[in-house]
Each structure stands twice: as structure tokens, then as C-alpha cells.
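Engineer: mmCIF, N, CA and C atoms, file data-v1.cif:
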```
data_query
loop_
_atom_site.label_atom_id
_atom_site.label_comp_id
_atom_site.auth_asym_id
_atom_site.auth_seq_id
_atom_site.Cartn_x
_atom_site.Cartn_y
_atom_site.Cartn_z
N VAL J 20 0.86 -1.20 0.00
CA VAL J 20 0.00 0.00 0.00
C VAL J 20 0.89 1.24 0.00
N GLN J 21 0.56 2.17 -0.87
CA GLN J 21 1.27 3.44 -0.92
C GLN J 21 0.27 4.58 -0.71
N LEU J 22 0.74 5.58 -0.01
CA LEU J 22 -0.09 6.75 0.27
C LEU J 22 0.63 7.99 -0.20
N GLN J 23 -0.06 8.80 -0.99
CA GLN J 23 0.53 10.03 -1.53
C GLN J 23 -0.32 11.21 -1.08
N ALA J 24 0.29 12.05 -0.24
CA ALA J 24 -0.41 13.22 0.28
C ALA J 24 -0.01 14.48 -0.47
N SER J 25 -0.91 15.43 -0.47
CA SER J 25 -0.64 16.72 -1.09
C SER J 25 -1.48 17.79 -0.43
N GLY J 26 -1.12 19.05 -0.67
CA GLY J 26 -1.97 20.15 -0.22
C GLY J 26 -1.42 20.98 0.91
N GLY J 27 -0.27 20.66 1.45
CA GLY J 27 0.28 21.47 2.53
C GLY J 27 0.78 22.80 2.01
N GLY J 28 1.20 23.65 2.96
CA GLY J 28 1.73 24.93 2.56
C GLY J 28 1.68 25.94 3.68
N LEU J 29 1.86 27.18 3.30
CA LEU J 29 1.85 28.30 4.25
C LEU J 29 0.50 29.02 4.16
N VAL J 30 -0.09 29.28 5.31
CA VAL J 30 -1.38 29.98 5.34
C VAL J 30 -1.39 30.92 6.53
N GLN J 31 -2.11 32.00 6.40
CA GLN J 31 -2.21 32.97 7.48
C GLN J 31 -3.20 32.49 8.55
N PRO J 32 -3.03 32.94 9.77
CA PRO J 32 -4.00 32.59 10.82
C PRO J 32 -5.42 32.94 10.39
N GLY J 33 -6.33 32.04 10.65
CA GLY J 33 -7.71 32.23 10.23
C GLY J 33 -8.01 31.68 8.85
N GLY J 34 -6.98 31.29 8.14
CA GLY J 34 -7.16 30.80 6.79
C GLY J 34 -7.52 29.33 6.72
N SER J 35 -7.58 28.82 5.50
CA SER J 35 -7.98 27.43 5.26
C SER J 35 -7.00 26.73 4.34
N LEU J 36 -6.92 25.44 4.51
CA LEU J 36 -6.15 24.56 3.63
C LEU J 36 -6.89 23.24 3.50
N ARG J 37 -6.66 22.58 2.38
CA ARG J 37 -7.24 21.26 2.17
C ARG J 37 -6.13 20.28 1.85
N LEU J 38 -6.04 19.24 2.63
CA LEU J 38 -5.08 18.17 2.38
C LEU J 38 -5.79 17.01 1.71
N SER J 39 -5.08 16.38 0.79
CA SER J 39 -5.63 15.21 0.10
C SER J 39 -4.62 14.08 0.14
N CYS J 40 -5.13 12.86 0.09
CA CYS J 40 -4.25 11.70 0.12
C CYS J 40 -4.88 10.60 -0.72
N ALA J 41 -4.08 10.00 -1.58
CA ALA J 41 -4.55 8.91 -2.42
C ALA J 41 -3.82 7.63 -2.03
N ALA J 42 -4.58 6.58 -1.83
CA ALA J 42 -4.00 5.28 -1.51
C ALA J 42 -4.01 4.40 -2.74
N SER J 43 -2.96 3.62 -2.90
CA SER J 43 -2.89 2.70 -4.03
C SER J 43 -2.25 1.40 -3.57
N GLY J 44 -2.40 0.38 -4.41
CA GLY J 44 -1.85 -0.92 -4.06
C GLY J 44 -2.94 -1.87 -3.59
N SER J 45 -2.54 -2.87 -2.79
CA SER J 45 -3.47 -3.89 -2.30
C SER J 45 -4.18 -3.39 -1.05
N ILE J 46 -5.24 -2.66 -1.26
CA ILE J 46 -5.96 -2.02 -0.15
C ILE J 46 -7.04 -2.94 0.36
N PHE J 47 -7.02 -3.25 1.62
CA PHE J 47 -8.02 -4.10 2.23
C PHE J 47 -9.30 -3.30 2.47
N VAL J 48 -10.42 -4.00 2.45
CA VAL J 48 -11.71 -3.32 2.51
C VAL J 48 -11.95 -2.68 3.88
N ASP J 49 -11.67 -3.43 4.94
CA ASP J 49 -11.94 -2.93 6.30
C ASP J 49 -10.77 -2.05 6.75
N ASN J 50 -10.88 -0.78 6.49
CA ASN J 50 -9.77 0.09 6.83
C ASN J 50 -10.24 1.40 7.47
N VAL J 51 -9.30 2.03 8.12
CA VAL J 51 -9.48 3.35 8.69
C VAL J 51 -8.50 4.28 8.00
N MET J 52 -8.98 5.36 7.44
CA MET J 52 -8.10 6.37 6.87
C MET J 52 -8.05 7.54 7.84
N ALA J 53 -6.88 8.10 8.00
CA ALA J 53 -6.74 9.12 9.03
C ALA J 53 -5.64 10.11 8.68
N TRP J 54 -5.67 11.20 9.39
CA TRP J 54 -4.61 12.19 9.34
C TRP J 54 -4.03 12.34 10.75
N TYR J 55 -2.72 12.34 10.80
CA TYR J 55 -1.99 12.60 12.04
C TYR J 55 -1.12 13.83 11.81
N ARG J 56 -0.61 14.38 12.89
CA ARG J 56 0.33 15.48 12.75
C ARG J 56 1.40 15.38 13.83
N GLN J 57 2.52 15.99 13.53
CA GLN J 57 3.64 15.93 14.45
C GLN J 57 4.45 17.22 14.38
N VAL J 58 4.81 17.70 15.56
CA VAL J 58 5.72 18.84 15.64
C VAL J 58 7.01 18.34 16.29
N PRO J 59 8.12 19.00 16.02
CA PRO J 59 9.41 18.55 16.57
C PRO J 59 9.36 18.43 18.09
N GLY J 60 9.85 17.31 18.58
CA GLY J 60 9.91 17.10 20.02
C GLY J 60 8.66 16.55 20.65
N LYS J 61 7.63 16.34 19.83
CA LYS J 61 6.37 15.81 20.36
C LYS J 61 5.98 14.55 19.63
N GLN J 62 5.12 13.77 20.26
CA GLN J 62 4.64 12.55 19.63
C GLN J 62 3.66 12.88 18.52
N ARG J 63 3.62 11.99 17.56
CA ARG J 63 2.62 12.13 16.50
C ARG J 63 1.24 11.96 17.12
N GLU J 64 0.32 12.82 16.74
CA GLU J 64 -1.02 12.76 17.31
C GLU J 64 -2.08 12.60 16.23
N LEU J 65 -3.14 11.92 16.58
CA LEU J 65 -4.25 11.74 15.67
C LEU J 65 -5.03 13.06 15.55
N VAL J 66 -5.27 13.45 14.31
CA VAL J 66 -6.07 14.65 14.05
C VAL J 66 -7.52 14.25 13.77
N ALA J 67 -7.70 13.32 12.85
CA ALA J 67 -9.04 12.88 12.48
C ALA J 67 -8.95 11.54 11.77
N SER J 68 -10.01 10.75 11.91
CA SER J 68 -10.06 9.46 11.24
C SER J 68 -11.46 9.22 10.70
N ILE J 69 -11.53 8.32 9.71
CA ILE J 69 -12.82 8.01 9.11
C ILE J 69 -12.78 6.58 8.60
N ILE J 70 -13.87 5.85 8.85
CA ILE J 70 -13.95 4.50 8.34
C ILE J 70 -14.85 4.47 7.10
N GLY J 71 -14.95 3.32 6.47
CA GLY J 71 -15.66 3.23 5.21
C GLY J 71 -17.12 3.65 5.28
N SER J 72 -17.75 3.45 6.41
CA SER J 72 -19.17 3.82 6.56
C SER J 72 -19.36 5.32 6.73
N GLY J 73 -18.25 6.03 6.93
CA GLY J 73 -18.33 7.48 7.09
C GLY J 73 -18.26 7.96 8.53
N ILE J 74 -18.18 7.03 9.47
CA ILE J 74 -18.07 7.43 10.87
C ILE J 74 -16.71 8.09 11.09
N THR J 75 -16.74 9.24 11.74
CA THR J 75 -15.53 10.03 11.92
C THR J 75 -15.17 10.20 13.40
N ASN J 76 -13.92 10.55 13.61
CA ASN J 76 -13.43 10.83 14.95
C ASN J 76 -12.43 11.98 14.84
N TYR J 77 -12.53 12.93 15.76
CA TYR J 77 -11.67 14.12 15.70
C TYR J 77 -10.98 14.34 17.05
N ALA J 78 -9.78 14.89 16.97
CA ALA J 78 -9.14 15.38 18.18
C ALA J 78 -9.93 16.59 18.68
N ASP J 79 -9.99 16.74 19.98
CA ASP J 79 -10.75 17.86 20.55
C ASP J 79 -10.28 19.20 20.02
N SER J 80 -8.99 19.31 19.76
CA SER J 80 -8.41 20.59 19.35
C SER J 80 -8.84 21.03 17.96
N VAL J 81 -9.40 20.13 17.16
CA VAL J 81 -9.78 20.49 15.79
C VAL J 81 -11.28 20.38 15.55
N LYS J 82 -12.02 19.90 16.52
CA LYS J 82 -13.47 19.75 16.35
C LYS J 82 -14.11 21.08 15.99
N GLY J 83 -14.96 21.04 14.99
CA GLY J 83 -15.63 22.26 14.55
C GLY J 83 -14.84 23.08 13.55
N ARG J 84 -13.58 22.73 13.36
CA ARG J 84 -12.74 23.48 12.41
C ARG J 84 -12.28 22.61 11.24
N PHE J 85 -12.01 21.36 11.52
CA PHE J 85 -11.53 20.44 10.49
C PHE J 85 -12.63 19.45 10.11
N THR J 86 -12.62 19.04 8.85
CA THR J 86 -13.57 18.04 8.38
C THR J 86 -12.82 17.00 7.55
N ILE J 87 -12.96 15.75 7.94
CA ILE J 87 -12.35 14.67 7.18
C ILE J 87 -13.42 14.01 6.31
N SER J 88 -13.02 13.61 5.12
CA SER J 88 -13.94 12.94 4.21
C SER J 88 -13.15 11.92 3.39
N ARG J 89 -13.87 10.98 2.80
CA ARG J 89 -13.20 9.98 1.98
C ARG J 89 -14.07 9.60 0.80
N ASP J 90 -13.40 9.13 -0.23
CA ASP J 90 -14.07 8.60 -1.41
C ASP J 90 -13.66 7.13 -1.51
N ASN J 91 -14.55 6.25 -1.15
CA ASN J 91 -14.20 4.83 -1.11
C ASN J 91 -13.88 4.27 -2.49
N ALA J 92 -14.55 4.78 -3.50
CA ALA J 92 -14.32 4.28 -4.86
C ALA J 92 -12.92 4.65 -5.36
N LYS J 93 -12.44 5.81 -4.92
CA LYS J 93 -11.14 6.29 -5.39
C LYS J 93 -10.03 6.05 -4.37
N ASN J 94 -10.39 5.55 -3.20
CA ASN J 94 -9.40 5.32 -2.13
C ASN J 94 -8.66 6.60 -1.77
N THR J 95 -9.41 7.65 -1.60
CA THR J 95 -8.82 8.93 -1.22
C THR J 95 -9.43 9.42 0.09
N VAL J 96 -8.65 10.22 0.78
CA VAL J 96 -9.12 10.86 2.00
C VAL J 96 -8.66 12.32 1.97
N SER J 97 -9.52 13.19 2.46
CA SER J 97 -9.20 14.61 2.46
C SER J 97 -9.42 15.19 3.85
N LEU J 98 -8.74 16.28 4.11
CA LEU J 98 -8.90 16.99 5.37
C LEU J 98 -9.06 18.47 5.06
N GLN J 99 -10.25 18.98 5.27
CA GLN J 99 -10.51 20.40 5.10
C GLN J 99 -10.24 21.08 6.43
N MET J 100 -9.32 22.03 6.42
CA MET J 100 -8.91 22.70 7.65
C MET J 100 -9.27 24.18 7.56
N ASN J 101 -10.13 24.61 8.45
CA ASN J 101 -10.57 26.00 8.50
C ASN J 101 -10.16 26.64 9.82
N SER J 102 -10.20 27.94 9.84
CA SER J 102 -9.86 28.69 11.06
C SER J 102 -8.53 28.24 11.65
N LEU J 103 -7.56 28.14 10.79
CA LEU J 103 -6.25 27.65 11.22
C LEU J 103 -5.56 28.64 12.15
N ASN J 104 -4.83 28.10 13.11
CA ASN J 104 -4.04 28.94 14.02
C ASN J 104 -2.63 28.37 14.12
N SER J 105 -1.77 29.07 14.79
CA SER J 105 -0.36 28.69 14.84
C SER J 105 -0.15 27.31 15.46
N GLU J 106 -1.06 26.90 16.33
CA GLU J 106 -0.92 25.59 16.96
C GLU J 106 -1.21 24.45 15.99
N ASP J 107 -1.72 24.76 14.83
CA ASP J 107 -1.95 23.74 13.82
C ASP J 107 -0.72 23.51 12.96
N THR J 108 0.30 24.33 13.14
CA THR J 108 1.54 24.16 12.39
C THR J 108 2.18 22.82 12.75
N ALA J 109 2.42 22.00 11.74
CA ALA J 109 2.96 20.67 11.97
C ALA J 109 3.19 20.00 10.62
N VAL J 110 3.82 18.84 10.68
CA VAL J 110 3.87 17.97 9.52
C VAL J 110 2.67 17.03 9.63
N TYR J 111 1.89 16.97 8.59
CA TYR J 111 0.68 16.16 8.58
C TYR J 111 0.93 14.88 7.78
N TYR J 112 0.49 13.77 8.35
CA TYR J 112 0.70 12.47 7.74
C TYR J 112 -0.64 11.79 7.45
N CYS J 113 -0.73 11.26 6.26
CA CYS J 113 -1.87 10.44 5.89
C CYS J 113 -1.61 9.01 6.36
N SER J 114 -2.66 8.33 6.77
CA SER J 114 -2.51 6.99 7.33
C SER J 114 -3.64 6.08 6.87
N LEU J 115 -3.31 4.84 6.68
CA LEU J 115 -4.33 3.82 6.40
C LEU J 115 -3.98 2.60 7.23
N ARG J 116 -4.92 2.15 8.03
CA ARG J 116 -4.67 0.96 8.84
C ARG J 116 -5.87 0.02 8.77
N HIS J 117 -5.61 -1.23 9.12
CA HIS J 117 -6.68 -2.22 9.14
C HIS J 117 -7.63 -1.91 10.29
N LEU J 118 -8.91 -2.02 10.03
CA LEU J 118 -9.91 -1.68 11.04
C LEU J 118 -9.82 -2.57 12.28
N TRP J 119 -9.44 -3.86 12.07
CA TRP J 119 -9.47 -4.81 13.19
C TRP J 119 -8.08 -5.19 13.68
N ASN J 120 -7.04 -4.80 12.93
CA ASN J 120 -5.68 -5.14 13.33
C ASN J 120 -4.80 -3.92 13.17
N SER J 121 -4.57 -3.21 14.26
CA SER J 121 -3.82 -1.96 14.20
C SER J 121 -2.35 -2.16 13.86
N ASP J 122 -1.89 -3.42 13.90
CA ASP J 122 -0.50 -3.67 13.49
C ASP J 122 -0.30 -3.47 12.00
N ILE J 123 -1.38 -3.54 11.25
CA ILE J 123 -1.31 -3.31 9.81
C ILE J 123 -1.62 -1.84 9.58
N HIS J 124 -0.56 -1.07 9.42
CA HIS J 124 -0.69 0.39 9.43
C HIS J 124 0.31 0.97 8.44
N TYR J 125 -0.18 1.73 7.50
CA TYR J 125 0.66 2.33 6.48
C TYR J 125 0.64 3.86 6.62
N TRP J 126 1.77 4.44 6.26
CA TRP J 126 1.92 5.89 6.38
C TRP J 126 2.39 6.50 5.06
N GLY J 127 1.88 7.69 4.79
CA GLY J 127 2.41 8.45 3.68
C GLY J 127 3.52 9.36 4.17
N LYS J 128 4.21 9.95 3.21
CA LYS J 128 5.19 10.96 3.57
C LYS J 128 4.46 12.19 4.07
N GLY J 129 5.03 12.88 5.00
CA GLY J 129 4.36 14.02 5.58
C GLY J 129 4.32 15.22 4.66
N THR J 130 3.36 16.09 4.93
CA THR J 130 3.27 17.34 4.22
C THR J 130 3.22 18.47 5.25
N GLN J 131 4.04 19.48 5.02
CA GLN J 131 4.17 20.55 6.01
C GLN J 131 3.01 21.54 5.90
N VAL J 132 2.43 21.86 7.04
CA VAL J 132 1.43 22.92 7.15
C VAL J 132 1.99 23.96 8.11
N THR J 133 2.13 25.17 7.64
CA THR J 133 2.64 26.26 8.46
C THR J 133 1.61 27.38 8.51
N VAL J 134 1.22 27.73 9.72
CA VAL J 134 0.26 28.81 9.91
C VAL J 134 1.01 29.99 10.53
N SER J 135 1.15 31.03 9.73
CA SER J 135 1.94 32.18 10.17
C SER J 135 1.57 33.41 9.38
N SER J 136 1.67 34.55 10.04
CA SER J 136 1.41 35.81 9.34
C SER J 136 2.73 36.38 8.78
#
```
For this file, write the structure as C-alpha cells.

Structural biologist:
Amino acid sequence: VQLQASGGGLVQPGGSLRLSCAASGSIFVDNVMAWYRQVPGKQRELVASIIGSGITNYADSVKGRFTISRDNAKNTVSLQMNSLNSEDTAVYYCSLRHLWNSDIHYWGKGTQVTVSS
């Protein structure tokens, strides 16, 4: 499984960005697609996740500002990020893992999101 993310960049506080990720290869049906983020010196943290049925989960820090979505036919996942602030600055990683076996977990290369004036 390969994951290709895109859409990072520099945005001013209060602005918006949309991240996209495409999965390819031998993708299992029962999966969770997610976005994580990491800043230097801190652990990678879950931002949002979504399963095939559309059920979503968000970190408290992004609830109401970020929206995760997926296209099951295209094996893509997106993260719409609104009302960005400096604390959202991080490297964002796309992830795909097996719904029932978390040991089966694939990562894309990170994409930098910088929120700064």
C-alpha cells in the first residue's frame, strides 16, 4: 500500500487549507483512513479518522474546524482545515490501517502545514 499526500503549505492565521491523500496498491476493505500530525519534540497525534461507513473521529483541538472525508471508490481521504491557528503548524501524515488489526498500518510521507502571518 502506498499513500501520496498533497496540499500542505503556508497559510495565514484564520485561513484554510485542504489536504488530500490517495492510496494505491493492495488495499483491504476494512480500513481506517486518518490524518496525524507531528511537531518537533512531540509525539505524532491523531487529528481525524474516518472508516468506510463514514463514521468520523476528531481530536478535541480540531473539532468544529476540520472536516475529514473519503471517497471509497477512489481510495482517497481529504482533510478540510478551516480557522487555522499557529498551533496547527505541523507535519501532517496520511494513514491507512486495518480496522481490526492496528499492526497493519501504512503511512504516507508528511506534508508541512505552516500557519503564520

Engineer: Could you pull out all residues of chain J with a DSSP call of strand (DSSP E or B) and give them as JSON, numbers by chain?

Structural biologist: {"J": [21, 22, 23, 24, 25, 28, 29, 30, 36, 37, 38, 39, 40, 41, 42, 43, 50, 51, 52, 53, 54, 55, 56, 57, 64, 65, 66, 67, 68, 69, 70, 75, 76, 77, 85, 86, 87, 88, 89, 90, 95, 96, 97, 98, 99, 100, 109, 110, 111, 112, 113, 114, 115, 116, 117, 124, 125, 126, 130, 131, 132, 133, 134]}

Engineer: By how many Å are atom N of Leu115 in chain J and atom C of Ala42 in chain J apart?

Structural biologist: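 These two atoms are separated by 9.5 Å.
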
Engineer: With only C-alpha atoms as the counted atoms, please give the residues lying no more than 6 Å from range 93-104 of chain J, apart from itself and same-chain residues fewer than 2 positions off, as a list of chain:residue names.

Structural biologist: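 Near range 93-104 of chain J, the qualifying residues are J:Pro32, J:Gly33, J:Gly34, J:Ser35, J:Leu36, J:Arg37, J:Leu38, J:Ser39, J:Cys40, J:Ala41, J:Ala42, J:Arg84, J:Phe85, J:Thr86, J:Ile87, J:Ser88, J:Arg89, J:Asp90, J:Asn91, J:Glu106, J:Asp107, J:Val134.
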
Engineer: Quick one: distance from CA of Ala109 in chain J to CA of Gln21 in chain J in Å, one decimal?

Structural biologist: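 Value for the CA of Ala109 in chain J-CA of Gln21 in chain J distance: 21.6 Å.
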
Engineer: So that I can check the surroundings of range 62-75 of chain J, please list as a PyMOL selection string every protein, DNA and RNA residue that reaches within 5 Å of it, counting all atoms listed in the file and ignoring chain neighbours fewer than 5 positions away.

Structural biologist: chain J and resi 50-57

Engineer: For atom N of Cys113 in chain J and atom C of Ser45 in chain J, quote the distance in Å rounded to one decimal.

Structural biologist: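 So the answer is 16.7 Å.
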
Engineer: Give me, as a ChimeraX atom specification, all polymer residues having an atom no more than 8 Å from Phe47 in chain J, counting all atoms listed in the file and skipping those fewer than 4 positions away in the same chain.

Structural biologist: /J:20,51,116-118

Engineer: Within 9 Å of (9.3, 18.1, 11.0), only C-alpha atoms: residues as a PyMOL selection string?

Structural biologist: chain J and resi 57-59+109-110+129+131

Engineer: With only C-alpha atoms as the counted atoms, please give the residues lying no more than 7 Å from Thr130 in chain J, apart from itself and same-chain residues fewer than 3 positions off, as a count of residues only.

Structural biologist: 6

Engineer: For the helix (DSSP H, G or I) assignment from backbone DSSP, which residues of range 20-132 of chain J qualify? Please present them as number ranges by chain.

Structural biologist: J: 79-81, 105-107

Engineer: Could you check the closest approach to Ser43 in chain J for each of J:Val81, J:Ala92, J:Ile123, J:Leu22 and tell me which residue wins, using all atoms listed in the file?

Structural biologist: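 Ranked by minimum distance to Ser43 in chain J, first place goes to J:Leu22.
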